[in-house]
Each structure stands twice: as structure tokens, then as C-alpha cells.
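Dropping input.cif in here (mmCIF, C-alpha atoms and all ligand atoms):
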```
data_structure
loop_
_atom_site.label_atom_id
_atom_site.label_comp_id
_atom_site.auth_asym_id
_atom_site.auth_seq_id
_atom_site.Cartn_x
_atom_site.Cartn_y
_atom_site.Cartn_z
CA MET M 21 44.58 90.83 30.39
CA THR M 22 43.26 90.82 33.90
CA ASP M 23 45.15 91.32 37.13
CA ASP M 24 43.85 87.98 38.50
CA CYS M 25 47.20 86.43 39.19
CA LEU M 26 49.20 89.50 40.13
CA VAL M 27 51.22 89.00 43.32
CA GLN M 28 51.01 92.26 45.22
CA LEU M 29 51.82 93.29 48.81
CA LEU M 30 51.72 97.04 48.30
CA GLY M 31 48.92 98.69 46.33
CA PRO M 32 49.11 101.98 44.39
CA ASP M 33 48.02 104.06 47.40
CA GLY M 34 50.50 102.40 49.72
CA GLU M 35 47.99 99.96 51.23
CA TYR M 36 49.89 96.94 52.53
CA VAL M 37 49.06 93.31 53.19
CA ASP M 38 51.35 91.07 55.25
CA SER M 39 51.27 88.12 52.90
CA VAL M 40 49.62 86.86 49.77
CA THR M 41 48.95 83.27 48.72
CA THR M 42 48.63 82.38 45.04
CA ALA M 43 46.29 79.83 43.49
CA ASP M 44 49.22 77.34 43.52
CA GLY M 45 49.34 77.63 47.29
CA VAL M 46 52.60 79.58 47.48
CA THR M 47 52.67 82.28 50.17
CA TYR M 48 54.78 85.41 49.70
CA SER M 49 55.76 87.89 52.40
CA VAL M 50 58.72 90.00 53.53
CA GLY M 51 60.17 90.37 57.00
CA PHE M 52 61.99 93.69 56.86
CA THR M 53 63.08 95.78 59.82
CA ASP M 54 62.25 99.49 59.73
CA ASP M 55 65.87 100.25 58.81
CA GLU M 56 65.68 97.82 55.90
CA TYR M 57 62.47 99.43 54.67
CA ARG M 58 64.11 102.83 54.77
CA GLU M 59 67.18 101.61 52.88
CA LEU M 60 64.97 100.09 50.21
CA TYR M 61 63.33 103.49 49.77
CA ARG M 62 66.76 105.11 49.54
CA ASP M 63 67.72 102.66 46.79
CA LEU M 64 64.61 103.50 44.78
CA VAL M 65 65.09 107.25 45.01
CA THR M 66 68.81 107.03 44.32
CA VAL M 67 68.51 104.93 41.19
CA ARG M 68 65.77 107.20 39.84
CA ARG M 69 67.89 110.29 40.50
CA LEU M 70 70.97 108.81 38.83
CA ASP M 71 68.84 107.77 35.88
CA THR M 72 67.50 111.31 35.54
CA GLU M 73 71.08 112.51 35.41
CA GLY M 74 71.78 110.00 32.65
CA LEU M 75 69.05 111.42 30.46
CA ALA M 76 70.14 115.00 31.18
CA LEU M 77 73.74 114.18 30.29
CA GLN M 78 72.62 112.62 27.03
CA ARG M 79 70.52 115.65 26.15
CA GLN M 80 73.52 117.87 26.82
CA GLY M 81 75.61 115.84 24.38
CA GLU M 82 77.70 114.12 27.04
CA LEU M 83 76.42 110.59 26.40
CA GLY M 84 75.80 108.97 23.03
CA LEU M 85 72.70 107.19 24.29
CA TRP M 86 70.80 106.53 27.51
CA ALA M 87 68.33 103.72 28.23
CA SER M 88 66.19 104.98 31.10
CA LEU M 89 64.78 102.74 33.84
CA LEU M 90 62.10 105.28 34.80
CA GLY M 91 59.09 103.40 36.18
CA GLN M 92 61.01 100.14 36.62
CA GLU M 93 62.86 101.03 39.83
CA ALA M 94 60.88 98.66 42.04
CA ALA M 95 61.25 95.72 39.66
CA GLN M 96 65.01 96.24 39.62
CA VAL M 97 65.67 97.14 43.25
CA GLY M 98 63.27 94.51 44.60
CA SER M 99 64.80 91.72 42.54
CA GLY M 100 68.37 93.01 42.97
CA ARG M 101 68.11 93.10 46.75
CA ALA M 102 66.63 89.58 46.70
CA LEU M 103 69.90 88.20 45.32
CA ARG M 104 72.28 86.52 47.69
CA ALA M 105 75.97 87.35 47.49
CA GLN M 106 76.80 84.18 45.54
CA ASP M 107 74.16 84.62 42.79
CA MET M 108 75.12 85.58 39.23
CA VAL M 109 73.30 88.26 37.19
CA PHE M 110 72.97 88.49 33.41
CA PRO M 111 71.52 91.93 32.58
CA SER M 112 70.29 93.50 29.36
CA TYR M 113 71.03 97.21 28.82
CA ARG M 114 68.58 98.92 31.21
CA GLU M 115 69.48 97.29 34.54
CA HIS M 116 71.17 100.28 36.20
CA GLY M 117 69.09 99.65 39.33
CA VAL M 118 70.18 96.02 39.65
CA LEU M 119 73.77 97.06 39.00
CA TYR M 120 73.47 99.55 41.85
CA THR M 121 72.22 96.89 44.27
CA ARG M 122 75.25 94.76 43.36
CA GLY M 123 77.51 97.46 44.85
CA ILE M 124 78.99 98.41 41.49
CA ASP M 125 79.98 102.06 41.08
CA PRO M 126 76.96 103.57 39.27
CA ILE M 127 79.35 105.43 36.95
CA MET M 128 79.96 102.18 35.05
CA PRO M 129 77.03 102.28 32.61
CA PHE M 130 77.76 105.95 31.97
CA SER M 131 81.18 105.21 30.48
CA LEU M 132 79.57 102.57 28.29
CA TYR M 133 76.89 104.97 27.04
CA ARG M 134 79.48 107.71 26.61
CA GLY M 135 81.36 105.34 24.37
CA VAL M 136 84.65 105.54 26.25
CA ASP M 137 84.77 101.88 27.25
CA GLN M 138 82.78 98.67 26.90
CA GLY M 139 81.42 98.74 30.46
CA GLY M 140 84.42 98.32 32.67
CA TRP M 141 83.22 96.44 35.73
CA ASP M 142 84.65 93.09 36.72
CA ALA M 143 81.89 90.51 36.19
CA GLY M 144 83.74 87.99 38.35
CA GLU M 145 84.13 90.35 41.27
CA HIS M 146 80.54 91.62 41.35
CA LEU M 147 78.83 88.57 39.85
CA PHE M 148 77.15 90.89 37.38
CA GLN M 149 77.89 90.26 33.70
CA GLY M 150 78.34 92.93 31.04
CA TYR M 151 75.32 94.71 29.58
CA THR M 152 73.97 92.92 26.52
CA LEU M 153 72.40 94.96 23.73
CA VAL M 154 71.60 91.99 21.50
CA VAL M 155 68.02 91.40 22.60
CA GLY M 156 67.65 88.08 24.42
CA ALA M 157 71.21 86.81 23.90
CA GLN M 158 72.13 86.96 27.60
CA VAL M 159 69.22 84.65 28.46
CA LEU M 160 70.79 81.74 26.60
CA HIS M 161 74.25 82.58 27.98
CA SER M 162 72.88 82.60 31.52
CA THR M 163 71.25 79.21 31.06
CA GLY M 164 74.53 77.71 29.87
CA TYR M 165 76.22 79.25 32.90
CA ALA M 166 73.51 77.84 35.19
CA MET M 167 73.95 74.37 33.70
CA GLY M 168 77.70 74.74 34.26
CA ILE M 169 77.46 75.57 37.95
CA THR M 170 75.18 72.58 38.41
CA MET M 171 77.88 70.37 36.87
CA ASP M 172 80.41 72.02 39.20
CA GLY M 173 78.32 70.90 42.19
CA LYS M 174 77.44 74.42 43.30
CA VAL M 175 73.69 73.86 43.36
CA GLY M 176 71.44 71.82 45.62
CA SER M 177 71.80 73.29 49.10
CA PRO M 178 70.48 76.35 50.94
CA ASP M 179 73.82 78.12 50.36
CA GLY M 180 74.04 77.02 46.73
CA GLU M 181 74.27 79.39 43.78
CA ALA M 182 71.50 80.64 41.51
CA VAL M 183 71.45 82.65 38.28
CA ILE M 184 69.10 85.41 37.22
CA ALA M 185 68.64 86.73 33.68
CA TYR M 186 66.91 90.05 32.98
CA PHE M 187 65.09 90.65 29.72
CA GLY M 188 62.05 92.44 28.36
CA ASP M 189 58.62 91.55 27.05
CA GLY M 190 59.88 91.95 23.48
CA ALA M 191 62.75 89.55 24.14
CA THR M 192 60.28 86.76 24.87
CA SER M 193 59.67 86.56 21.11
CA GLN M 194 63.32 85.80 20.44
CA GLY M 195 64.33 82.26 19.54
CA GLU M 196 67.23 82.37 22.01
CA VAL M 197 64.93 83.06 24.94
CA ASN M 198 62.68 80.16 24.02
CA GLU M 199 65.71 77.89 23.53
CA ALA M 200 66.91 78.96 26.97
CA PHE M 201 63.55 77.98 28.45
CA VAL M 202 63.83 74.53 26.82
CA TRP M 203 67.37 73.93 28.09
CA ALA M 204 66.65 75.23 31.56
CA GLY M 205 63.48 73.15 31.85
CA VAL M 206 65.02 69.94 30.58
CA PHE M 207 68.22 70.28 32.62
CA ASN M 208 66.53 71.71 35.70
CA ALA M 209 68.93 74.64 35.60
CA PRO M 210 69.10 76.95 38.65
CA MET M 211 67.63 79.86 36.69
CA VAL M 212 65.35 82.74 37.44
CA PHE M 213 64.08 84.24 34.20
CA PHE M 214 63.17 87.77 35.21
CA CYS M 215 61.07 89.40 32.50
CA GLN M 216 60.37 93.08 33.01
CA ASN M 217 57.17 93.44 31.08
CA ASN M 218 57.23 97.20 30.58
CA GLN M 219 54.49 96.87 27.94
CA TYR M 220 56.65 97.91 24.98
CA ALA M 221 59.49 96.70 22.78
CA ILE M 222 60.48 100.13 21.47
CA SER M 223 57.19 101.00 19.69
CA GLU M 224 55.70 97.49 19.62
CA PRO M 225 53.05 97.00 22.31
CA LEU M 226 52.64 93.80 24.30
CA GLU M 227 49.78 92.52 22.15
CA ARG M 228 52.27 92.14 19.31
CA GLN M 229 54.31 89.66 21.41
CA THR M 230 51.74 87.38 22.98
CA ARG M 231 48.15 86.21 23.16
CA ILE M 232 48.47 85.02 26.76
CA PRO M 233 50.03 86.58 29.87
CA LEU M 234 53.78 86.03 29.53
CA TYR M 235 54.19 84.20 32.84
CA ARG M 236 51.85 81.46 31.57
CA ARG M 237 54.35 80.55 28.86
CA ALA M 238 56.45 78.82 31.53
CA ALA M 239 53.89 76.01 31.81
CA GLY M 240 54.62 74.97 28.23
CA PHE M 241 58.29 74.54 29.11
CA GLY M 242 57.54 72.61 32.29
CA PHE M 243 58.40 75.02 35.07
CA PRO M 244 56.52 77.53 37.23
CA GLY M 245 55.64 81.02 36.10
CA VAL M 246 54.49 83.84 38.35
CA ARG M 247 53.33 87.36 37.65
CA VAL M 248 54.25 89.98 40.20
CA ASP M 249 53.38 93.65 40.41
CA GLY M 250 56.69 95.06 39.21
CA ASN M 251 55.84 98.46 40.67
CA ASP M 252 55.64 96.90 44.13
CA VAL M 253 59.15 96.61 45.52
CA LEU M 254 58.07 94.33 48.38
CA ALA M 255 56.24 91.76 46.26
CA THR M 256 59.03 91.80 43.69
CA TYR M 257 61.54 91.12 46.46
CA ALA M 258 59.46 88.29 47.95
CA VAL M 259 58.78 86.54 44.64
CA THR M 260 62.37 86.83 43.40
CA ARG M 261 63.86 85.62 46.69
CA ALA M 262 61.58 82.58 46.66
CA ALA M 263 62.43 81.76 43.03
CA LEU M 264 66.18 82.14 43.65
CA ASP M 265 66.03 79.91 46.73
CA HIS M 266 64.03 77.34 44.77
CA ALA M 267 66.72 77.41 42.06
CA ARG M 268 69.70 77.20 44.43
CA ALA M 269 68.10 74.23 46.19
CA GLY M 270 68.20 72.37 42.87
CA GLU M 271 64.48 72.58 42.21
CA GLY M 272 64.84 74.21 38.80
CA PRO M 273 63.87 77.37 36.94
CA THR M 274 61.09 79.92 37.41
CA LEU M 275 59.80 82.56 35.02
CA ILE M 276 58.89 85.80 36.79
CA GLU M 277 56.89 88.33 34.82
CA ALA M 278 57.31 91.67 36.57
CA TYR M 279 54.32 93.62 35.35
CA THR M 280 55.45 97.24 35.05
CA TYR M 281 55.59 100.18 32.68
CA ARG M 282 58.31 102.04 30.85
CA MET M 283 57.49 105.62 31.86
CA GLY M 284 60.08 107.18 29.58
CA ALA M 285 61.20 106.64 26.03
CA HIS M 286 62.75 103.34 24.94
CA THR M 287 66.08 105.16 24.81
CA SER M 288 67.10 108.76 24.30
CA SER M 289 66.82 108.09 20.54
CA ASP M 290 63.11 107.33 20.72
CA ASP M 291 59.99 109.53 20.71
CA PRO M 292 57.15 107.57 22.38
CA THR M 293 54.54 110.24 21.59
CA ARG M 294 54.56 108.76 18.08
CA TYR M 295 53.01 105.49 19.23
CA ARG M 296 51.33 105.79 22.64
CA ILE M 297 48.76 108.12 24.08
CA ALA M 298 49.32 110.46 27.01
CA SER M 299 46.38 109.09 29.03
CA GLU M 300 48.03 105.67 29.16
CA VAL M 301 51.19 107.18 30.65
CA GLU M 302 49.06 109.16 33.12
CA SER M 303 47.24 106.01 34.27
CA TRP M 304 50.58 104.38 35.07
CA LYS M 305 51.82 107.47 36.91
CA ALA M 306 49.13 106.68 39.46
CA LYS M 307 50.87 103.33 40.03
CA ASP M 308 54.30 104.88 40.54
CA PRO M 309 56.61 102.53 42.48
CA ILE M 310 58.25 105.21 44.60
CA SER M 311 55.20 107.23 45.63
CA ARG M 312 53.36 104.09 46.76
CA PHE M 313 56.29 102.98 48.90
CA ARG M 314 56.66 106.44 50.34
CA ALA M 315 52.93 106.47 51.18
CA PHE M 316 53.34 103.14 52.96
CA LEU M 317 56.35 104.38 54.96
CA SER M 318 54.48 107.52 55.99
CA LYS M 319 51.25 105.77 56.92
CA SER M 320 53.04 103.16 58.97
CA GLN M 321 55.24 105.85 60.56
CA ILE M 322 58.42 104.11 59.51
CA ALA M 323 59.69 107.34 57.94
CA GLY M 324 58.70 110.98 57.84
CA ASP M 325 59.40 114.17 55.93
CA ASP M 326 62.87 114.75 57.38
CA PHE M 327 63.99 111.34 56.22
CA PHE M 328 62.49 111.80 52.74
CA ALA M 329 64.19 115.18 52.38
CA GLU M 330 67.55 113.76 53.49
CA VAL M 331 67.26 110.90 50.97
CA ASP M 332 66.50 113.40 48.17
CA ASP M 333 69.48 115.56 49.15
CA THR M 334 71.87 112.64 49.36
CA ALA M 335 70.70 111.31 45.99
CA LYS M 336 71.18 114.75 44.45
CA THR M 337 74.71 114.98 45.82
CA LEU M 338 75.51 111.56 44.38
CA ALA M 339 74.10 112.59 41.01
CA LEU M 340 76.15 115.79 40.91
CA ASP M 341 79.28 113.89 41.83
CA LEU M 342 78.52 111.38 39.10
CA ARG M 343 78.01 114.20 36.59
CA GLU M 344 81.42 115.67 37.42
CA ARG M 345 83.07 112.31 37.06
CA VAL M 346 81.36 111.70 33.70
CA LEU M 347 82.54 115.07 32.38
CA ALA M 348 86.08 114.25 33.52
CA MET M 349 86.25 110.90 31.72
CA PRO M 350 89.22 110.93 29.35
CA ASP M 351 88.64 110.05 25.71
CA PRO M 352 90.06 106.62 24.94
CA GLN M 353 92.80 106.02 22.42
CA PRO M 354 90.99 104.72 19.30
CA VAL M 355 93.38 101.79 19.07
CA SER M 356 92.27 100.59 22.52
CA MET M 357 89.10 99.16 20.94
CA PHE M 358 91.17 96.09 20.06
CA ASP M 359 92.33 95.52 23.64
CA HIS M 360 89.55 93.44 25.15
CA VAL M 361 88.29 91.46 22.18
CA TYR M 362 89.98 88.30 23.49
CA PRO M 363 91.40 87.84 26.99
CA HIS M 364 94.78 86.66 25.66
CA GLY M 365 94.86 88.41 22.26
CA SER M 366 94.73 86.79 18.83
CA PRO M 367 96.99 87.09 15.76
CA GLU M 368 94.10 88.41 13.61
CA VAL M 369 93.17 91.11 16.08
CA ASP M 370 96.85 92.02 16.57
CA GLU M 371 97.15 92.49 12.81
CA GLN M 372 94.00 94.64 12.71
CA ARG M 373 95.40 96.76 15.56
CA ARG M 374 98.66 97.26 13.65
CA GLN M 375 96.85 98.27 10.44
CA PHE M 376 94.57 100.64 12.29
CA ALA M 377 97.52 102.24 14.12
CA ASP M 378 99.23 102.82 10.74
CA TYR M 379 96.03 104.36 9.40
CA GLN M 380 95.77 106.69 12.40
CA ALA M 381 99.42 107.65 12.01
CA MET M 382 98.68 108.97 8.49
CA PHE M 383 96.52 111.70 10.04
CA GLU M 384 99.14 112.64 12.61
CA SER M 385 101.82 113.16 9.93
CA SER M 386 99.43 115.27 7.81
CA ALA M 387 98.44 117.50 10.75
CA HIS M 388 99.36 121.20 10.40
C1 LIG H 1 68.58 90.72 18.24
C2 LIG H 1 68.15 92.14 18.26
N1 LIG H 1 67.10 92.52 17.51
C3 LIG H 1 66.67 93.80 17.52
C4 LIG H 1 67.34 94.74 18.28
C5 LIG H 1 66.84 96.19 18.33
N2 LIG H 1 66.19 96.40 19.61
C6 LIG H 1 66.86 96.95 20.65
S1 LIG H 1 65.91 97.03 22.02
C7 LIG H 1 64.59 96.34 21.23
C8 LIG H 1 63.28 96.11 21.95
C9 LIG H 1 63.42 95.26 23.17
O1 LIG H 1 62.23 95.29 23.89
P1 LIG H 1 62.05 94.53 25.26
O2 LIG H 1 62.63 93.18 25.16
O3 LIG H 1 60.64 94.64 25.66
O4 LIG H 1 63.00 95.34 26.28
P2 LIG H 1 62.87 96.85 26.79
O5 LIG H 1 63.72 97.69 25.90
O6 LIG H 1 61.43 97.23 26.77
O7 LIG H 1 63.45 96.85 28.17
C10 LIG H 1 64.90 96.05 19.91
C11 LIG H 1 63.96 95.44 18.95
C12 LIG H 1 68.46 94.31 19.04
N3 LIG H 1 69.16 95.14 19.81
N4 LIG H 1 68.83 93.00 19.02
MG MG H 2 59.75 96.02 26.93
#
```
Please rewrite the model in this file as C-alpha cells.
Amino acid sequence: MTDDCLVQLLGPDGEYVDSVTTADGVTYSVGFTDDEYRELYRDLVTVRRLDTEGLALQRQGELGLWASLLGQEAAQVGSGRALRAQDMVFPSYREHGVLYTRGIDPIMPFSLYRGVDQGGWDAGEHLFQGYTLVVGAQVLHSTGYAMGITMDGKVGSPDGEAVIAYFGDGATSQGEVNEAFVWAGVFNAPMVFFCQNNQYAISEPLERQTRIPLYRRAAGFGFPGVRVDGNDVLATYAVTRAALDHARAGEGPTLIEAYTYRMGAHTSSDDPTRYRIASEVESWKAKDPISRFRAFLSKSQIAGDDFFAEVDDTAKTLALDLRERVLAMPDPQPVSMFDHVYPHGSPEVDEQRRQFADYQAMFESSAH
């Protein structure tokens, strides 16, 4: 695949262009103040640092699993910061960076991956749904939600609502994702389908999912598709903001393919050296999303070494605080797994809870 249609404002060495116009005649640009640029950098460094802590905690036996976002920080922070307060997010299981931009305490995915709760944030308060581990399922849910808000009259003005669904390259092969594209296209749903093409679905490379660039699939469903450099936080922001505004105005869905790379393993249970070569990983290191943004900030004298050092220190302090809070998480009562199955309970689940409590009680009475 060529890079012909890649929307990019910031190249791998930090070279920057003010705006870019695609073959369809759409122009993308950002209008950030220096402070906003610096805060975007802080976001990128912070989410990478917290993610590093996640992997370390898993390796030390403190988490059951960790799905790292390493390499995908710009795709997540750029798109997350492009959301307006009223927009709804449907994540998969790797969107710790988007979660962070939503103002959710970054501890939340840690309790999920430690297995002490089911991900305890309030989706209604933060407009960020629960993580979904069933590949592609959230894409269909989000489309139904987007159709619903249209029926509720919340779409069709500049301050209308839009919905974004995050999923991977592998998920594009799922029936549910393709069904979602059909529904969204036909009903003009206010959807942004945000595909992080990180080149792999566990061990399966992109060429096992598609014969054409993923963004071009949108044409077959009757809506626009755009490929953006997912390692470029500025272009990702610009493209996502435009697609969300298009959706909220009632102009229908967009598929964004954020072209990026999963620098780490699929999850802490995976060993990528079994299926990809080191030189490929090295070639993507040269396109690192954080170092290119840092190079841009330095060159344009928006930030210097003191600022970069302060950001690193602050991120480290946050990570250490997070570590302490993870280690202090109490173990849940096993019976609590029945608590949130239904919002208002159900006779079947109540009966299962009772039986399970009796079963647990057998061990207590036999304890020495
Ligand atoms: C329906 C379903 N099938 C299979 C799996 C196992 N599985 C978990 S993640 C994954 C790969 C997903 O790849 P991709 O969509 O590219 O997302 P990424 O993990 O790269 O972010 C698979 C096959 C699952 N969780 N759900
Ligand atoms: Mg993938």
C-alpha cells in the first residue's frame, strides 16, 4: 500500500505544514495556541508513562492482563481531544489514551485488568462507554446509539451530538462492523468510525484482513473514508474534529483509518517475536508519535528542555501514585460478580447469587 492518501501535518522528523488538502478537496489544519500544543505533548507523554506502568504491574503479577497502547498515543490523544463535551465514545479494550482525554481517572482500566471490578466508570457521566473485549461488538452498539440520538432530535446543528467508535484493523473483518457500516450509511447516523490500523490483529498482519486500504471500504457503504497518519497527533486531531462536526451537523458517518503501529505486544499474554521481524519494529520507531511532536515543539521554540523535563517528572509522579493506588485496591467479594449484571436485578441472577453464596459458605465452615 502506498502513502498516497495519507493526511499528515507533522512528518517523522517534526517537519510541519500548516494545512493539507485531500484529493476530495477537503482542507485540514489546526489552530492551536502554544499552550494547547504544550498540553497536547503532556497528554502524549502522560498516557505513554501510565501505559508503561500498566505493563510493569502486569509483569510483577499485579494485573491479570494489560493491553498496551504503545505507539498509538497520537491516534488516541488526537482523536480524544477532538471530541466535544457532548460526544459519546464507544471504546474497545486499548483506549486508555482516549479515556484519559475524557477526564476519567486513569486508574479505571487498571481495576478492570486487575480483575477487581468490571471497569467502574460512569458511562453517562463521562460519555465514555465500558471497554469491550468482544472484537467489533461496540461498533454495532454505537451505531444503534447514534441512530437513537438522531431520533431524539439531538443531531443536525453545530452544537449537536456525535458518536465515535474505536476498533482495530482486525475488527474490520467482523460481520458486526460491516453491519454497522450498512446501518450507519443507510440511516445517515452521526457516526465516526475510528479504525486504529496498528497493522496486526494479534499475530495476523493487515494483508490477512484486506486487499485494499481500509479507508476505501467506506465508499462501498456510501460514506466518506479518510486515511490519516495516526502517529501525527495534529492531523489526527484535525481529521477527527472535521468528521465529528460533519456527523453532528446531520451529514452522516465517516470512516477514519488512523494508520499507525502497535509497538508492543498485542497484550501481556502475547510474544510478537514469534510472528514479526525486529527490523519492522525499528522502522516504525523512526516514526514515533512523541519524538516527532517533541522535535516540532523544539524547532518552533514552543517548548524547550526544561518543559520536557517537567512533563517527564510530572508523568512519573502520576505513574507512581497510580501504582500505589493499584496495590491498595481491595479484593472484591466473589459474590459481588452478580451485582451489576442487570441494573435492577433479576430473579435468575438472584438465585445464582444465593447458590454461589451457599457454595462459598461451605469453605468457610470447613476452614481450620
Ligand atoms: C469476537 C471475538 N473474536 C476473537 C477475539 C479474540 N481477539 C481478541 S483481540 C483480537 C484481535 C483484534 O485485532 P484488531 O481489531 O486489529 O485490534 P488490536 O488488538 O490490534 O487493537 C482477537 C482476534 C475476541 N476477543 N472477540
Ligand atoms: Mg490491530
Exercise. For Gly250 (chain M), which residue out of M:Leu317, M:Leu226, M:Ile276, M:Leu234 is the nearest one, using all atoms listed in the file?
Worked result: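 Among the listed residues, the smallest separation from Gly250 (chain M) belongs to M:Ile276.
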Exercise. If you measure from CA of Ala76 (chain M) to CA of Leu340 (chain M), what distance in Å do you get, rounded to one decimal?
Worked result: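 CA of Ala76 (chain M) sits 11.5 Å away from CA of Leu340 (chain M).
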Exercise. What does the distance between CA of Gly74 (chain M) and CA of Gly34 (chain M) come to in Å, to one decimal place?
Worked result: 28.3 Å
Problem set entry | Protein/DNA/RNA residues near (73.1, 108.2, 31.7), cut 9 Å, all atoms listed in the file, as a PyMOL selection string | chain M and resi 70-78+82-83+85-88+127+129-131+133-134
Take the residues from that selection and write them out as a compact mmCIF listing (two decimals), keeping the file's coordinate frame, keeping C-alpha atoms.
```
# COMPACT_ATOMS: atom_id res chain seq x y z
CA LEU M 70 70.97 108.81 38.83
CA ASP M 71 68.84 107.77 35.88
CA THR M 72 67.50 111.31 35.54
CA GLU M 73 71.08 112.51 35.41
CA GLY M 74 71.78 110.00 32.65
CA LEU M 75 69.05 111.42 30.46
CA ALA M 76 70.14 115.00 31.18
CA LEU M 77 73.74 114.18 30.29
CA GLN M 78 72.62 112.62 27.03
CA GLU M 82 77.70 114.12 27.04
CA LEU M 83 76.42 110.59 26.40
CA LEU M 85 72.70 107.19 24.29
CA TRP M 86 70.80 106.53 27.51
CA ALA M 87 68.33 103.72 28.23
CA SER M 88 66.19 104.98 31.10
CA ILE M 127 79.35 105.43 36.95
CA PRO M 129 77.03 102.28 32.61
CA PHE M 130 77.76 105.95 31.97
CA SER M 131 81.18 105.21 30.48
CA TYR M 133 76.89 104.97 27.04
CA ARG M 134 79.48 107.71 26.61
```
How would you report the residues lying within 10 Å of ligand MG 2 (chain H), as a PDB file with C-alpha atoms, in the coordinates of the input, if you count all atoms listed in the file?
```
ATOM      1  CA  PHE M 187      65.090  90.650  29.720  1.00  0.00           C
ATOM      2  CA  GLY M 188      62.050  92.440  28.360  1.00  0.00           C
ATOM      3  CA  ASP M 189      58.620  91.550  27.050  1.00  0.00           C
ATOM      4  CA  GLY M 190      59.880  91.950  23.480  1.00  0.00           C
ATOM      5  CA  ALA M 191      62.750  89.550  24.140  1.00  0.00           C
ATOM      6  CA  THR M 192      60.280  86.760  24.870  1.00  0.00           C
ATOM      7  CA  CYS M 215      61.070  89.400  32.500  1.00  0.00           C
ATOM      8  CA  GLN M 216      60.370  93.080  33.010  1.00  0.00           C
ATOM      9  CA  ASN M 217      57.170  93.440  31.080  1.00  0.00           C
ATOM     10  CA  ASN M 218      57.230  97.200  30.580  1.00  0.00           C
ATOM     11  CA  GLN M 219      54.490  96.870  27.940  1.00  0.00           C
ATOM     12  CA  TYR M 220      56.650  97.910  24.980  1.00  0.00           C
ATOM     13  CA  ALA M 221      59.490  96.700  22.780  1.00  0.00           C
ATOM     14  CA  ILE M 222      60.480 100.130  21.470  1.00  0.00           C
ATOM     15  CA  SER M 223      57.190 101.000  19.690  1.00  0.00           C
ATOM     16  CA  GLU M 224      55.700  97.490  19.620  1.00  0.00           C
ATOM     17  CA  PRO M 225      53.050  97.000  22.310  1.00  0.00           C
ATOM     18  CA  LEU M 226      52.640  93.800  24.300  1.00  0.00           C
ATOM     19  CA  THR M 280      55.450  97.240  35.050  1.00  0.00           C
ATOM     20  CA  TYR M 281      55.590 100.180  32.680  1.00  0.00           C
ATOM     21  CA  ARG M 282      58.310 102.040  30.850  1.00  0.00           C
ATOM     22  CA  HIS M 286      62.750 103.340  24.940  1.00  0.00           C
TER      23      HIS M 286
END
```
Seminar exercise, completed: Correct to one decimal, the distance CA of Glu199 (chain M)-CA of Gln158 (chain M) is 11.8 Å
Exercise. Pick from M:Leu254, M:Ala95, M:Ile184, M:Val154: nearest to ligand LIG 1 (chain H), with only C-alpha atoms and all ligand atoms counted?
Worked result: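 Distance minimum relative to ligand LIG 1 (chain H) lands on M:Val154.
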For this session: For the point (64.0, 83.3, 43.3) in the file's frame, write as JSON, numbers by chain all residues with an atom no more than 10 Å away, counting all atoms listed in the file.
Result: {"M": [99, 102, 103, 104, 182, 183, 184, 210, 211, 212, 213, 214, 256, 257, 258, 259, 260, 261, 262, 263, 264, 265, 266, 267, 268, 273, 274, 275, 276]}
Problem set entry | Shortest interatomic distance to Glu93 (chain M) - which of M:Ser311, M:Ser49, M:Ser356, M:Ser112, counting only C-alpha atoms |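 Going through M:Ser311, M:Ser49, M:Ser356, M:Ser112 one by one, the smallest distance to Glu93 (chain M) is for M:Ser311.
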Exercise. Leaving out Arg68 (chain M) and any residue of its chain fewer than 6 positions from it, which residues lie within 9 Å of it when counting all atoms listed in the file, given as a list in words?
Worked result: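 So, after excluding close chain neighbours, the residues are Leu89, Leu90, Gly91, Glu93, Gly117 and Ala335 of chain M.
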For this session: Within 12 Å of Glu302 (chain M), counting only C-alpha atoms, which residues show up once you throw out same-chain ones fewer than 3 positions away? Write them as number ranges by chain, please.
Result: M: 91, 281-284, 296-299, 305-308
Problem set entry | Residue nearest ligand LIG 1 (chain H) - candidates M:Thr121, M:Gln194, M:Asn251, M:Gln80, atoms counted: all atoms listed in the file | M:Gln194
